[in-house]
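K.L.:
The structure under discussion is supplied below as structure tokens; questions concerning it will follow.
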Amino acid sequence: MSLMPVWPKVDEERVAEALQEAGEKLESAEGDVVLDFSSVLRIDAKALMALEELAGVADDKGVKVALRGVNVSVYKVFKLVKLTSRFSFVN
Amino acid sequence: MITTETVKERVQIPLATETLSEERIAYLEGLVSQAKIAAAVFTQFSQEDVDRIVKAMVLAGLGQAQYLARLAVEETKLGVMEDKVLKNMCATEFTYNYIKDKRTVGVIREFPERNLVEVAEPVGVIFSLTPITNPTSTVLFKCIMAVKTRNAVIFSPHPNAWRCCSEAVKIMYEAALKQGAPEGVFTCLESHTLQDNAYLMRHKSVALIDATGGPGAVKAAYSSGKPALGVGPGNTPVYLEKTADVSVAVVDIIVSKTFDNGTICASEQTVVIDDEIYDVVLKKFADLGAHICNEKETALLARTVIDPATGFMQPMAVGQKATDIARLIGLTVKPETKLLIAPIQGVGREHPLSVEKLFPVLAVYRAKSVDEALKVCVDVNHAGGLGHTAVIFSRNDEIIRKFGEIINAGRIIVNSPGSVGALGAVYNDLVPTFSFGCGTGGGNSTTDNVNIYHYLNIKRVARRTQAHMWFRVPNQIYFNLNAVENVHQFPSRSTIIVTNPALEQIGHVDLVRRYIPEGTRVHVSVIPDAEPEVKVIMRGVEELNLYKADQIIALGGGSVIDAAKIMKLKYESPDADLEELAAPFLDLRKRVVQYPTEKVNRVRLIAIPTTSGTGSEVTPFAVLTDKEKARKVTLADYSLTPDVAIVDPQFVMSMPKGLTADTGIDCLTHGLEAIVSSYASAYTDCNAMESILMTFKYLPVAFEHPGDEEARCMMHNAACIAAMAFSNASVGVNHALAHSFGARFGVAHGRANALMLPHVIAYNAAVPSKFVPSPYQKGYVAHKKYATVADLLGLGGHTVEEKVKNLIAATEQLLDQLGFPRSIADLGISKKEFERAMPELTKLAFDDPSWRSNPRMPLMSELEDLFWKAHQGRGVARVASASQQIA
């Protein structure tokens with residue numbers, strides 16, 4: 001996992017947009033990637049939908065996306081909306 | 001305007017959803033998905049976040065109270081606009097007032113004295129049905145509750161109240177969103193069908209159904225398999241008792257029954273009035289704008305507003321004005337008439353107006369007595385209103401109490417209006433609500449006024465409590481040679497010396513008498529030298545009564561002292577039931593049967609032991625034999641502990657060798673079991689350790705040289721000290737085995753203990769196959785404590801295992817020195833005979849309370865194994881083998 005490229009930190013102020021951009025970037029990316037969530041303290045509905053779409057892109061491309069540094073409150077939100085099975089998590 | 005279309009009762013919601021189109025399912029799935037995301041996002045919000053959003057919603061609701069009330073009346077054609085404004089204001093302002101300072105996020109309540117904290121967890125997505133009778137107020141109330149508890153709601157309003165409800169949802173949603181609430185936190189079904197409701201009620205992402213609606217909707221909610229909050233139908237009985245303030249009562253009833261034209265299901269339905277005030281009450285009703293129907297009008301009214309086929313109210317009348325209802329039956333009343341009052345003579349189908357009437361028609365009943373009044377109220381309560389609401393007007397506290405006891409209602413409103421009273425926070429301190437739980441009587445899971453706490457999962461974080469422990473012994477213990485002289489300190493008018501024949505013969509009784517203060521009346525009660533029987537006890541109690549004793553001196557071994565303890569108990573508390581007091585218990589402080597504290601007599605108990613082993617002079621135990629039932633009964637309570645113990649070795653100098661050995665090993669077993677007990681503490685450990693050291697040192701000397709005063713004295717003290725330890729730490733599995741084996745084969749207690757002891761040390765030192773749950777024990781330490789004992793005895797060894805082995809070997813050596821048999825087989829008990837007895841032995845041992853404080857919980861198979869080990873016998877090789885498992 002540590003060999004996977006780590007993309008820039010997801011911006012706390014614009015999480016949904018950052019995830020949309022990451023989804024678009026993923027379309028042309030090669031191999032597995034790590035998204036750094038360490039600065040995300042709270043996530044909203046738009047961001048969740050963006051993440052859901054990103055998971056779809058990853059599935060279509062057959063690549064793995066790992067989320068790094070997800071805080072436990074945000075992790076619980078992922079759990080409640082059944083997103084945890086779509087990603088792997090690294091600390 | 002009354003039309004038959006005014007109220008369409010929801011028919012039962014079907015469970016089948018196959019008729020839904022794919023588009024409809026996609027629509028419903030979208031709603032759920034949105035709500036699910038909103039609920040998930042909401043979990044990240046702080047208390048401050050939700051409080052800010054709630055306040056904004058409340059202000060928005062208050063600002064639109066009149067607008068929403070008008071919409072509701074226009075759409076539903078029910079009720080009174082002005083009253084609906086008040087309802088909307090109650091739903092916002094009063095609810096806010098109740099919840100504003102309540103914590104609903106994170107830790108919501110703390111109970112430091114219980115080491116307990118309650119933490120809130122939102123429920124998630126709530127599917128909520130709202131009624132036609134209180135449409136907008138219910139929506140406002142539920143939206144505020146949901147945000148306060150961080151939940152998302154999908155609303156399904158009554159079809160005839162959809163427009164006003166969806167407008168209320170919109171107002172709440174916009175206010176919440178402005179303050180940062182998650183998108184999709186509230187949604188409202190568009191023009192829905194019953195199949196939609198059925199689909200959502202069973203949706204896996206819906207966590208809770210809150211069904212404020214008719215019986216069909218509530219039943220469907222409860223049948224869905226989801227957790228559900230439901231409401232029940234009402235039929236509020238009112239008892240207007242003769243001591244009531246009639247003027248206040250009549251106004252309150254009119255206020256309540258006319259509020260929103262009687263649409264609140266908690267409103268009064270039948271007023272049962274005491275005969276003495278009946279006429280006055282009816283006149284006051286008439287004076288204040290009620291029309292009192294005559295017999296003919298009542299019959300006409302009943303036929304019109306109650307459906308003769310079903311016995312229930314006609315929907316067309318719900319929420320209508322009294323004058324409109326009067327017009328319906330062709331009755332001319334004054335235009336200002338607020339209420340139609342219909343006298344009835346009974347309750348049930350023959351008296352149609354005795355049922356729920358959600359309109360301003362009130363039944364009244366003249367009761368000839370309190371008893372009759374209460375019975376009629378019970379009849380009304382059971383005629384469709386179980387669990388809901390009841391009202392009483394009275395100044396007689398006893399009658400109010402009785403009413404509260406016999407009526408099954410979640411809300412029993414006293415001296416105030418039923419409908420507004422039940423809503424809470426206006427006339428009383430009930431929790432404000434728009435959803436009345438009606439308990440099992442109404443087919444609900446709660447009788448509460450549904451509130452924020454029903455929208456939360458409340459988690460309890462329970463920290464381990466620091467169990468209180470104790471160390472209780474007699475408050476006076478005199479020891480060493482000639483300690484008996486201290487008897488002179490205790491003034492008494494009448495003393496009874498309880499002893500056995502042998503001790504009287506050898507002059508011990510005279511020795512004691514010498515120190516009893518002059519002028520004391522002394523009587524000697526000689527009892528057999530055996531475990532006391534009930535009839536011996538009762539004879540002793542007769543003597544205590546005869547001599548009006550204020551002091552007992554128990555002079556003897558364990559049996560005599562035990563007998564004196566029980567005599568004291570029965571003398572002081574003659575009603576004490578020995579059989580009941582012997583009931584088993586797990587924790588002394590939580591036992592079911594408590595020992596009596598009220599005493600008709602008071603007597604001091606001085607115990608002077610004449611053996612060095614049982615320690616009965618300081619213990620809270622007494623064993624009684626019930627020969628009629630062929631069993632032994634153990635009594636245990638600190639109230640049995642003697643008041644004074646005198647441990648004087650001159651009474652044991654003449655003990656025979658066998659008794660010295662038996663009682664000495666009993667003493668050692670007490671120490672070794674107390675030290676590893678799950679109830680052990682530093683207070684008991686020091687006593688247990690010291691008694692073990694003293695026993696190892698002095699028991700062989702006292703055995704070999706019975707006349708050695710120092711050895712006798714130290715063994716006598718050791719027995720008392722060990723008893724102080726096990727009185728507070730209890731014993732263990734060794735005693736359970738010995739009790740069982742001793743009783744079955746008639747082997748002396750000390751000897752039975754000796755046969756088990758090395759095997760039990762090895763057993764307790766091994767990693768338990770099963771631990772005993774005990775709040776007093778922190779970790780498993782038995783093996784280490786045995787090792788500490790070995791160190792104190794200077795037995796050597798480097799590892800815990802070696803030290804335990806050395807302790808076992810030292811114990812075996814001591815047993816050999818004292819001439820104990822090495823095995824049960826050595827007693828002449830054959831393997832076959834032992835095998836036959838085994839089921840009974842293991843059963844008795846397992847039933848014995850002694851092992852409850854053992855560090856290992858003995859399995860039946862382990863008890864059997866220990867018995868067989870004791871039968872095969874000890875010996876260095878065998879014990880070494882057993883100790884191979886030592887932890």
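Residues in the structure tokens are named by chain (A, B, ... in the order shown) and by number from 1 within that chain; ligands are numbered from 1 in the order shown.
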Find the residues near Trp7 in chain A: any atom within 12 Å, counting only C-alpha atoms, skip ones fewer than 6 places away on the same chain, and give them as a list in words.
P.N.:
Ala18, Leu19, Glu21, Ala22, Gly23, Lys25, Leu26, Ala29, Asp32, Val33, Val34, Leu35, Asp36, Phe37, Ser38, Val65, Ala66, Leu67 and Arg68 of chain A
K.L.:
What are the residues of chain A that have an atom within 6 Å of an atom of chain B, counting only C-alpha atoms, as a list in words?
P.N.:
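Residues passing the distance filter: Asp44, Val77 and Leu80 of chain A.
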K.L.:
Store the residues of this selection in a file with C-alpha atoms, as a PDB file, in the first residue's frame.
P.N.:
ATOM      1  CA  ASP A  44     -21.535  16.348   3.990  1.00  0.00           C
ATOM      2  CA  VAL A  77     -20.538   8.138   8.409  1.00  0.00           C
ATOM      3  CA  LEU A  80     -23.650   4.163   7.986  1.00  0.00           C
TER       4      LEU A  80
END
K.L.:
Can you list every residue in range 609-806 of chain B that DSSP puts in strand (DSSP E or B), as a PyMOL selection string?
P.N.:
chain B and resi 609+621-626+631-636+644-647+766+771
K.L.:
Between A:Val63, A:Val70, A:Ala45, A:Leu83, which residue has the minimum interatomic distance to Val10 in chain A, considering only C-alpha atoms?
P.N.:
A:Val70
K.L.:
Show me, as a list in words, the residues that have an atom within 10 Å of Val15 in chain A when counting only C-alpha atoms, minus same-chain residues fewer than 4 positions from it.
P.N.:
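My reading of the contact set: Lys9, Val10, Asp11, Leu19, Gln20, Glu21, Phe37, Ser39, Val40, Leu41, Arg42, Ile43, Asp44, Lys46, Ala47, Leu48, Ala50 and Leu51 of chain A.
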K.L.:
Work out how far CA of Val248 in chain B is from CA of Thr332 in chain B, in Å to one decimal.
P.N.:
28.1 Å
K.L.:
So how many Å separate CA of Val271 in chain B and CA of Tyr239 in chain B, to one decimal?
P.N.:
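Separation between CA of Val271 in chain B and CA of Tyr239 in chain B: 5.9 Å.
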